There are 2 protein chains.
Amino acid sequence: MKLGAIEAGGTKFVLAVGNDQGDILQKQTIPTEHPDITVPKVIAFFEGTGIERLGLGGFGPIDINQTSSTYGQLQKTPKTDWVDYPLGAALKEALQVPIIIDTDVNVAAMSEAKWGNATDVDTCLYITVGTGIGAGAYFHGQTLKGLSHPEMGHILVRRHPEDTYEGTCPSHGDCLEGLAAGPAIEARWGKKGHELADNDKVWEMEAFYLAQALTNYIYILSPERIVMGGGVMKQPQLFPLIRKNVLEMLNGYVSSPHLTEEEIDNYIVPPGLTDEAGVKGALYLAMEK
Amino acid sequence: MKLGAIEAGGTKFVLAVGNDQGDILQKQTIPTEHPDITVPKVIAFFEGTGIERLGLGGFGPIDINQTSSTYGQLQKTPKTDWVDYPLGAALKEALQVPIIIDTDVNVAAMSEAKWGNATDVDTCLYITVGTGIGAGAYFHGQTLKGLSHPEMGHILVRRHPEDTYEGTCPSHGDCLEGLAAGPAIEARWGKKGHELADNDKVWEMEAFYLAQALTNYIYILSPERIVMGGGVMKQPQLFPLIRKNVLEMLNGYVSSPHLTEEEIDNYIVPPGLTDEAGVKGALYLAMEK
């Protein structure tokens with residue numbers, strides 16, 4: 001059986017045709033432009049391929065409630081061309097196949113649980129730190145959702161005592177994303193993250209914010225593993241700093257052999273899948289239904 | 001079929017024999033003393049009743065991992081007499097019935113979902129604000145757990161700008177519980193909460209902390225309802241203040257008709273069950289397995 005998969009990101013769409021074993025047979029990447037340009041290209045890619053279902057992991061906020069009349073519709077995204085665009089409905093109508101939609105980070109969490117660095121546990125959290133911050137949780141075979149999908153990048157954090165930067169988030173100013181995503185690093189320090197690799201203060205502050213977030217995720221969700229990806233996490237010095245800060249913030253409160261100096265390197269980890277995590281997660285969505 | 005239920009709290013144990021329809025047939029409350037005093041009383045209550053399974057909602061931290069060799073064992077609880085006490089194993093050995101264990105707040109969330117103020121939704125969060133702060137989530141038929149049970153009361157919060165109180169938490173000082181549980185109110189203001197009912201500043205500060213917690217829970221879990229119980233929540237002025245603060249902190253970011261001035265009164269609600277929530281939740285645990 002052939003299945004379609006889309007990783008719909010803010011910068012690019014990754015399109016793939018795969019099979020029900022999770023193999024990718026055909027793949028194409030296109031830039032994310034105005035929906036009137038991008039969506040016809042998506043439809044053209046899948047037409048004639050014989051896919052029987054389509055999985056989509058989308059940037060958000062996006063309506064992922066299957067019983068909603070606006071299922072698959074983009075919401076208040078900063079990408080203004082896409083606000084209220086009915087992405088799910090447009091694809092379903094053009095391709096005439098069932099479409100299963102979840103967030104980009106939820107499908108990345110699924111992907112890591114199925115093929116990546118969380119295959120040996122039943123619960124995991126995936127967080128991406130890049131142009132934005134988002135996270136998805138995969139618990140006992142399903143992604144976590146309720147009222148809507150989580151928006152874990154927007155939690156409130158305590159300010160670093162030396163940080164006077166106001167924050168970039170248009171909705172909240174100095175929420176986690178507003179203080180710790182790539183654009184905040186650039187705005188605060190006047191250079192992009194990869195140009196600041198040697199500035200210890202940058203990464204000490206970044207780790208302070210990200211460790212606060214992980215500490216709260218651990219208290220609230222208690223995942224068995226945390227996978228951290230995205231452009232900012234390419235700085236290798238971040239992982240040890242984050243792990244150290246998390247242990248200090250938890251201060252031994254959560255009893256677990258995984259939350260110890262000996263084991264934390266296997267608890268907070270980089271992704272096992274690289275470029276294909278999103279699109280393979282979308283394929284997994286289509287496989288499961 | 002007869003089933004046993006225990007709400008094991010830090011102050012009292014509520015014991016009940018019920019049936020598989022959720023009816024309570026017999027009930028007794030005993031104080032929480034040293035385990036050598038309390039546990040024999042628990043065993044005596046259930047002996048000869050013919051229960052076939054026993055559900056237990058326990059104060060924590062407690063090991064709720066069914067595959068663990070220390071399933072049902074208390075962990076680093078502030079009640080020092082109970083640290084490392086194998087409550088689950090002791091009851092199972094004495095009563096010779098299967099025992100199903102979860103946290104007190106997880107079973108309260110189940111109870112509200114089954115019989116209380118969250119019967120119409122698939123996902124809910126229950127939070128208690130009393131001598132401590134704890135919360136449990138019930139999502140799509142199961143309580144949320146992973147590495148361990150959540151410890152949502154210990155999340156990091158931003159300080160209120162006028163609050164100089166250091167916090168009561170022995171592990172973290174000024175985490176949420178350290179700043180907003182009943183003992184923190186009493187230590188900061190020199191009186192118990194119910195004696196401070198007329199002091200607006202007390203409740204403005206309390207709502208500031210609790211609303212931060214709820215905002216983070218909404219971003220991370222996205223529950224369809226939040227039920228708030230516990231002694232501190234008996235102050236009726238708190239609900240409107242918390243709701244107002246939550247809407248301000250979210251600032252419209254999560255698109256949902258429930259997160260509006262018109263609907264928030266039905267989103268953040270008091271418990272539907274009162275005294276029996278815990279023990280009925282424990283009974284539900286026994287019913288489900």
# chains A, B, ... in the order shown; residues from 1 in each chain; ligands from 1
>>> closest_atom_pairs(of="chain B", to="chain A", cutoff="9 Å", atoms="only C-alpha atoms", output="JSON lines")
{"residue": "B:Pro61", "atom": "CA", "partner": "A:Val254", "partner_atom": "CA", "distance": 8.1}
{"residue": "B:Asp63", "atom": "CA", "partner": "A:Ser255", "partner_atom": "CA", "distance": 8.9}
{"residue": "B:Gln75", "atom": "CA", "partner": "A:Ser255", "partner_atom": "CA", "distance": 7.4}
{"residue": "B:Lys76", "atom": "CA", "partner": "A:Tyr253", "partner_atom": "CA", "distance": 7.7}
{"residue": "B:Asp122", "atom": "CA", "partner": "A:Gly146", "partner_atom": "CA", "distance": 7.5}
{"residue": "B:Thr123", "atom": "CA", "partner": "A:Gly146", "partner_atom": "CA", "distance": 5.9}
{"residue": "B:Cys124", "atom": "CA", "partner": "A:Gly146", "partner_atom": "CA", "distance": 8.3}
{"residue": "B:Ala135", "atom": "CA", "partner": "A:Ile220", "partner_atom": "CA", "distance": 8.5}
{"residue": "B:Gly136", "atom": "CA", "partner": "A:Ile220", "partner_atom": "CA", "distance": 8.8}
{"residue": "B:Phe139", "atom": "CA", "partner": "A:Gly146", "partner_atom": "CA", "distance": 7.7}
{"residue": "B:His140", "atom": "CA", "partner": "A:Gly146", "partner_atom": "CA", "distance": 8.7}
{"residue": "B:Leu144", "atom": "CA", "partner": "A:Leu221", "partner_atom": "CA", "distance": 7.1}
{"residue": "B:Lys145", "atom": "CA", "partner": "A:Ser222", "partner_atom": "CA", "distance": 6.2}
{"residue": "B:Gly146", "atom": "CA", "partner": "A:Pro223", "partner_atom": "CA", "distance": 5.0}
{"residue": "B:Leu147", "atom": "CA", "partner": "A:Glu224", "partner_atom": "CA", "distance": 4.6}
{"residue": "B:Ser148", "atom": "CA", "partner": "A:Ser222", "partner_atom": "CA", "distance": 5.9}
{"residue": "B:His149", "atom": "CA", "partner": "A:Ser222", "partner_atom": "CA", "distance": 6.4}
{"residue": "B:Pro150", "atom": "CA", "partner": "A:Ile220", "partner_atom": "CA", "distance": 5.1}
{"residue": "B:Glu151", "atom": "CA", "partner": "A:Tyr219", "partner_atom": "CA", "distance": 4.7}
{"residue": "B:Met152", "atom": "CA", "partner": "A:Ile220", "partner_atom": "CA", "distance": 4.8}
{"residue": "B:Gly153", "atom": "CA", "partner": "A:Tyr219", "partner_atom": "CA", "distance": 7.8}
{"residue": "B:His154", "atom": "CA", "partner": "A:Tyr219", "partner_atom": "CA", "distance": 6.8}
{"residue": "B:Ile155", "atom": "CA", "partner": "A:Asn216", "partner_atom": "CA", "distance": 5.3}
{"residue": "B:Leu156", "atom": "CA", "partner": "A:Asn216", "partner_atom": "CA", "distance": 6.8}
{"residue": "B:Val157", "atom": "CA", "partner": "A:Arg158", "partner_atom": "CA", "distance": 6.7}
{"residue": "B:Arg158", "atom": "CA", "partner": "A:Arg158", "partner_atom": "CA", "distance": 5.2}
{"residue": "B:Arg159", "atom": "CA", "partner": "A:Arg158", "partner_atom": "CA", "distance": 8.1}
{"residue": "B:Ser171", "atom": "CA", "partner": "A:Asn251", "partner_atom": "CA", "distance": 6.4}
{"residue": "B:His172", "atom": "CA", "partner": "A:Asn251", "partner_atom": "CA", "distance": 7.1}
{"residue": "B:Gln212", "atom": "CA", "partner": "A:Leu156", "partner_atom": "CA", "distance": 7.3}
{"residue": "B:Ala213", "atom": "CA", "partner": "A:Leu156", "partner_atom": "CA", "distance": 9.0}
{"residue": "B:Thr215", "atom": "CA", "partner": "A:Ile155", "partner_atom": "CA", "distance": 7.4}
{"residue": "B:Asn216", "atom": "CA", "partner": "A:Ile155", "partner_atom": "CA", "distance": 5.3}
{"residue": "B:Tyr217", "atom": "CA", "partner": "A:Ile220", "partner_atom": "CA", "distance": 7.3}
{"residue": "B:Ile218", "atom": "CA", "partner": "A:Pro150", "partner_atom": "CA", "distance": 7.3}
{"residue": "B:Tyr219", "atom": "CA", "partner": "A:Glu151", "partner_atom": "CA", "distance": 4.7}
{"residue": "B:Ile220", "atom": "CA", "partner": "A:Met152", "partner_atom": "CA", "distance": 4.8}
{"residue": "B:Leu221", "atom": "CA", "partner": "A:Pro150", "partner_atom": "CA", "distance": 5.7}
{"residue": "B:Ser222", "atom": "CA", "partner": "A:Gly146", "partner_atom": "CA", "distance": 5.1}
{"residue": "B:Pro223", "atom": "CA", "partner": "A:Gly146", "partner_atom": "CA", "distance": 5.0}
{"residue": "B:Glu224", "atom": "CA", "partner": "A:Leu147", "partner_atom": "CA", "distance": 4.6}
{"residue": "B:Arg225", "atom": "CA", "partner": "A:Leu147", "partner_atom": "CA", "distance": 8.2}
{"residue": "B:Met249", "atom": "CA", "partner": "A:His172", "partner_atom": "CA", "distance": 7.6}
{"residue": "B:Leu250", "atom": "CA", "partner": "A:His172", "partner_atom": "CA", "distance": 7.8}
{"residue": "B:Asn251", "atom": "CA", "partner": "A:Ser171", "partner_atom": "CA", "distance": 6.4}
{"residue": "B:Gly252", "atom": "CA", "partner": "A:Ser171", "partner_atom": "CA", "distance": 7.8}
{"residue": "B:Tyr253", "atom": "CA", "partner": "A:Ser171", "partner_atom": "CA", "distance": 6.6}
{"residue": "B:Val254", "atom": "CA", "partner": "A:Ser148", "partner_atom": "CA", "distance": 7.8}
{"residue": "B:Ser255", "atom": "CA", "partner": "A:Gln75", "partner_atom": "CA", "distance": 7.4}
{"residue": "B:Ser256", "atom": "CA", "partner": "A:Leu147", "partner_atom": "CA", "distance": 7.3}
{"residue": "B:His258", "atom": "CA", "partner": "A:Leu147", "partner_atom": "CA", "distance": 8.4}
>>> write_last_selection(atoms="C-alpha atoms", output="mmCIF file, in the first residue's frame")
data_model
loop_
_atom_site.group_PDB
_atom_site.id
_atom_site.type_symbol
_atom_site.label_atom_id
_atom_site.label_comp_id
_atom_site.auth_asym_id
_atom_site.auth_seq_id
_atom_site.Cartn_x
_atom_site.Cartn_y
_atom_site.Cartn_z
ATOM 1 C CA PRO B 61 5.919 10.454 46.020
ATOM 2 C CA ASP B 63 6.242 4.182 43.123
ATOM 3 C CA GLN B 75 9.518 7.500 48.402
ATOM 4 C CA LYS B 76 10.957 10.783 49.654
ATOM 5 C CA ASP B 122 -12.046 13.166 27.371
ATOM 6 C CA THR B 123 -9.198 14.969 29.117
ATOM 7 C CA CYS B 124 -9.021 16.786 32.424
ATOM 8 C CA ALA B 135 -2.131 17.641 40.231
ATOM 9 C CA GLY B 136 -3.137 14.660 38.175
ATOM 10 C CA PHE B 139 -6.353 11.712 29.308
ATOM 11 C CA HIS B 140 -8.411 9.492 27.040
ATOM 12 C CA LEU B 144 -0.758 10.429 32.888
ATOM 13 C CA LYS B 145 2.467 8.789 33.987
ATOM 14 C CA GLY B 146 5.834 7.962 32.490
ATOM 15 C CA LEU B 147 9.164 7.906 34.246
ATOM 16 C CA SER B 148 7.184 8.325 37.454
ATOM 17 C CA HIS B 149 3.988 10.171 38.336
ATOM 18 C CA PRO B 150 3.960 13.914 37.677
ATOM 19 C CA GLU B 151 4.903 16.289 40.475
ATOM 20 C CA MET B 152 3.139 19.311 39.040
ATOM 21 C CA GLY B 153 3.142 21.218 42.319
ATOM 22 C CA HIS B 154 6.879 21.755 42.130
ATOM 23 C CA ILE B 155 7.116 23.690 38.866
ATOM 24 C CA LEU B 156 9.166 26.858 38.770
ATOM 25 C CA VAL B 157 7.152 30.073 38.797
ATOM 26 C CA ARG B 158 7.980 33.733 38.463
ATOM 27 C CA ARG B 159 7.930 35.663 41.673
ATOM 28 C CA SER B 171 13.711 20.787 48.136
ATOM 29 C CA HIS B 172 13.256 23.950 46.067
ATOM 30 C CA GLN B 212 0.925 30.855 36.195
ATOM 31 C CA ALA B 213 0.732 27.172 37.001
ATOM 32 C CA THR B 215 -1.161 28.658 32.140
ATOM 33 C CA ASN B 216 1.834 26.321 31.975
ATOM 34 C CA TYR B 217 -0.374 23.246 32.397
ATOM 35 C CA ILE B 218 -2.535 24.484 29.511
ATOM 36 C CA TYR B 219 0.500 25.058 27.269
ATOM 37 C CA ILE B 220 2.011 21.669 28.130
ATOM 38 C CA LEU B 221 -1.047 19.404 28.472
ATOM 39 C CA SER B 222 -3.965 21.203 26.850
ATOM 40 C CA PRO B 223 -6.640 19.625 29.088
ATOM 41 C CA GLU B 224 -10.287 20.142 28.194
ATOM 42 C CA ARG B 225 -11.131 21.056 31.787
ATOM 43 C CA MET B 249 -1.288 35.350 30.683
ATOM 44 C CA LEU B 250 -2.417 33.298 27.663
ATOM 45 C CA ASN B 251 -3.184 36.561 25.866
ATOM 46 C CA GLY B 252 -5.326 34.829 23.251
ATOM 47 C CA TYR B 253 -2.544 32.520 22.107
ATOM 48 C CA VAL B 254 -4.440 29.234 22.439
ATOM 49 C CA SER B 255 -7.403 29.340 20.065
ATOM 50 C CA SER B 256 -10.325 27.777 21.866
ATOM 51 C CA HIS B 258 -13.311 27.615 26.161
#
>>> select_by_dssp(residues="region 55-285 of chain B", states="helix (DSSP H, G or I)", output="PyMOL selection string")
chain B and resi 80-82+87-95+104-115+152-154+176-180+182-189+193-196+200-221+231-234+238-250+264-266+277-285
>>> select_by_dssp(residues="region 145-239 of chain A", states="strand (DSSP E)", output="list in words")
Ile226, Val227, Met228 and Gly229 of chain A
>>> write_last_selection(atoms="N, CA, C and O atoms", output="PDB file, in the first residue's frame")
ATOM      1  N   ILE A 226      13.808  12.604  26.877  1.00  0.00           N
ATOM      2  CA  ILE A 226      13.624  13.902  26.236  1.00  0.00           C
ATOM      3  C   ILE A 226      14.626  14.011  25.084  1.00  0.00           C
ATOM      4  O   ILE A 226      15.834  13.875  25.289  1.00  0.00           O
ATOM      5  N   VAL A 227      14.085  14.216  23.886  1.00  0.00           N
ATOM      6  CA  VAL A 227      14.909  14.355  22.684  1.00  0.00           C
ATOM      7  C   VAL A 227      14.893  15.831  22.281  1.00  0.00           C
ATOM      8  O   VAL A 227      13.822  16.426  22.144  1.00  0.00           O
ATOM      9  N   MET A 228      16.073  16.416  22.128  1.00  0.00           N
ATOM     10  CA  MET A 228      16.160  17.847  21.802  1.00  0.00           C
ATOM     11  C   MET A 228      16.770  18.043  20.414  1.00  0.00           C
ATOM     12  O   MET A 228      17.915  17.645  20.167  1.00  0.00           O
ATOM     13  N   GLY A 229      16.007  18.668  19.513  1.00  0.00           N
ATOM     14  CA  GLY A 229      16.503  18.944  18.164  1.00  0.00           C
ATOM     15  C   GLY A 229      16.325  20.404  17.800  1.00  0.00           C
ATOM     16  O   GLY A 229      16.021  21.242  18.645  1.00  0.00           O
TER      17      GLY A 229
END
>>> residues_around(residues="region 40-53 of chain B", least_positions_apart="4", cutoff="12 Å", atoms="only C-alpha atoms", output="PyMOL selection string")
chain B and resi 1-8+12-20+25-36+87-88+90-101+282-289
>>> closest_residue(among="B:Ala277, B:Gly272, B:Gly72, B:Gln21", to="Gly116 (chain B)", atoms="only C-alpha atoms")
B:Gly272
>>> atom_distance(atom1="CA of Arg243 (chain A)", atom2="CA of Leu176 (chain A)")
17.5 Å
>>> atom_distance(atom1="CA of Thr80 (chain B)", atom2="CA of Gly9 (chain B)")
13.9 Å
>>> residues_around(residues="Trp189 (chain B)", least_positions_apart="6", cutoff="10 Å", atoms="only C-alpha atoms", output="list of chain:residue names")
B:Tyr165, B:Leu196, B:Asn199, B:Val202
>>> closest_residue(among="A:Ile264, A:Thr119, A:Leu214, A:Pro78", to="Thr168 (chain A)", atoms="only C-alpha atoms")
A:Pro78
>>> decode(residues="region 89-131 of chain B", atoms="N, CA and C atoms", output="short mmCIF file (atom, residue, chain, number, x, y, z; two decimals), in the first residue's frame")
data_model
loop_
_atom_site.label_atom_id
_atom_site.label_comp_id
_atom_site.auth_asym_id
_atom_site.auth_seq_id
_atom_site.Cartn_x
_atom_site.Cartn_y
_atom_site.Cartn_z
N ALA B 89 2.97 -3.55 48.97
CA ALA B 89 3.35 -4.94 49.25
C ALA B 89 2.76 -5.43 50.58
N ALA B 90 2.75 -4.54 51.59
CA ALA B 90 2.22 -4.93 52.90
C ALA B 90 0.73 -5.28 52.81
N LEU B 91 -0.02 -4.49 52.06
CA LEU B 91 -1.47 -4.73 51.95
C LEU B 91 -1.74 -5.97 51.10
N LYS B 92 -0.97 -6.11 50.03
CA LYS B 92 -1.17 -7.25 49.14
C LYS B 92 -0.90 -8.56 49.89
N GLU B 93 0.16 -8.56 50.68
CA GLU B 93 0.51 -9.79 51.39
C GLU B 93 -0.54 -10.13 52.45
N ALA B 94 -1.01 -9.10 53.14
CA ALA B 94 -1.97 -9.37 54.22
C ALA B 94 -3.35 -9.75 53.67
N LEU B 95 -3.76 -9.10 52.58
CA LEU B 95 -5.14 -9.30 52.11
C LEU B 95 -5.23 -10.29 50.96
N GLN B 96 -4.11 -10.61 50.33
CA GLN B 96 -4.07 -11.60 49.25
C GLN B 96 -5.03 -11.27 48.10
N VAL B 97 -5.04 -9.99 47.73
CA VAL B 97 -5.82 -9.58 46.54
C VAL B 97 -4.92 -8.72 45.66
N PRO B 98 -5.21 -8.66 44.36
CA PRO B 98 -4.46 -7.73 43.50
C PRO B 98 -4.70 -6.30 43.95
N ILE B 99 -3.66 -5.49 43.88
CA ILE B 99 -3.79 -4.10 44.31
C ILE B 99 -3.33 -3.19 43.18
N ILE B 100 -4.12 -2.16 42.91
CA ILE B 100 -3.81 -1.23 41.83
C ILE B 100 -3.59 0.14 42.48
N ILE B 101 -2.45 0.74 42.17
CA ILE B 101 -2.03 1.93 42.90
C ILE B 101 -1.81 3.10 41.96
N ASP B 102 -2.28 4.25 42.36
CA ASP B 102 -1.99 5.48 41.62
C ASP B 102 -1.89 6.59 42.65
N THR B 103 -1.59 7.78 42.21
CA THR B 103 -1.47 8.86 43.19
C THR B 103 -2.85 9.39 43.57
N ASP B 104 -2.90 10.04 44.72
CA ASP B 104 -4.15 10.62 45.21
C ASP B 104 -4.76 11.59 44.18
N VAL B 105 -3.92 12.42 43.56
CA VAL B 105 -4.44 13.40 42.61
C VAL B 105 -4.81 12.75 41.28
N ASN B 106 -4.10 11.71 40.87
CA ASN B 106 -4.53 11.00 39.65
C ASN B 106 -5.90 10.36 39.85
N VAL B 107 -6.14 9.74 41.00
CA VAL B 107 -7.45 9.12 41.20
C VAL B 107 -8.54 10.18 41.36
N ALA B 108 -8.19 11.32 41.89
CA ALA B 108 -9.19 12.41 41.97
C ALA B 108 -9.55 12.88 40.56
N ALA B 109 -8.55 12.97 39.67
CA ALA B 109 -8.85 13.35 38.28
C ALA B 109 -9.76 12.31 37.62
N MET B 110 -9.48 11.03 37.86
CA MET B 110 -10.34 9.94 37.34
C MET B 110 -11.76 10.07 37.86
N SER B 111 -11.85 10.35 39.15
CA SER B 111 -13.13 10.44 39.81
C SER B 111 -13.97 11.59 39.23
N GLU B 112 -13.32 12.74 39.02
CA GLU B 112 -14.03 13.88 38.42
C GLU B 112 -14.46 13.55 36.99
N ALA B 113 -13.63 12.79 36.27
CA ALA B 113 -13.97 12.42 34.90
C ALA B 113 -15.13 11.43 34.85
N LYS B 114 -15.21 10.57 35.87
CA LYS B 114 -16.24 9.52 35.88
C LYS B 114 -17.55 10.02 36.48
N TRP B 115 -17.46 10.78 37.57
CA TRP B 115 -18.68 11.14 38.32
C TRP B 115 -18.80 12.62 38.63
N GLY B 116 -17.77 13.40 38.39
CA GLY B 116 -17.77 14.78 38.89
C GLY B 116 -18.00 15.82 37.81
N ASN B 117 -17.13 16.82 37.81
CA ASN B 117 -17.31 17.97 36.94
C ASN B 117 -16.56 17.88 35.61
N ALA B 118 -16.17 16.67 35.21
CA ALA B 118 -15.49 16.52 33.92
C ALA B 118 -16.01 15.28 33.18
N THR B 119 -17.29 14.98 33.39
CA THR B 119 -17.85 13.77 32.77
C THR B 119 -18.08 13.95 31.27
N ASP B 120 -18.11 15.19 30.80
CA ASP B 120 -18.44 15.46 29.40
C ASP B 120 -17.22 15.68 28.52
N VAL B 121 -16.02 15.44 29.04
CA VAL B 121 -14.80 15.65 28.25
C VAL B 121 -13.91 14.41 28.32
N ASP B 122 -12.94 14.33 27.42
CA ASP B 122 -12.05 13.17 27.37
C ASP B 122 -10.73 13.39 28.12
N THR B 123 -10.47 14.65 28.48
CA THR B 123 -9.20 14.97 29.12
C THR B 123 -9.46 16.01 30.21
N CYS B 124 -8.87 15.78 31.37
CA CYS B 124 -9.02 16.79 32.42
C CYS B 124 -7.83 16.77 33.35
N LEU B 125 -7.66 17.87 34.02
CA LEU B 125 -6.61 18.02 35.02
C LEU B 125 -7.29 18.30 36.36
N TYR B 126 -6.83 17.63 37.41
CA TYR B 126 -7.31 17.93 38.76
C TYR B 126 -6.13 18.47 39.56
N ILE B 127 -6.30 19.61 40.19
CA ILE B 127 -5.24 20.17 41.03
C ILE B 127 -5.78 20.43 42.42
N THR B 128 -5.02 20.05 43.42
CA THR B 128 -5.40 20.35 44.79
C THR B 128 -4.42 21.35 45.38
N VAL B 129 -4.96 22.37 46.03
CA VAL B 129 -4.13 23.38 46.68
C VAL B 129 -4.50 23.37 48.15
N GLY B 130 -3.62 22.79 48.95
CA GLY B 130 -3.91 22.67 50.38
C GLY B 130 -2.61 22.73 51.14
N THR B 131 -2.35 21.71 51.98
CA THR B 131 -1.06 21.71 52.70
C THR B 131 0.08 21.51 51.71
#
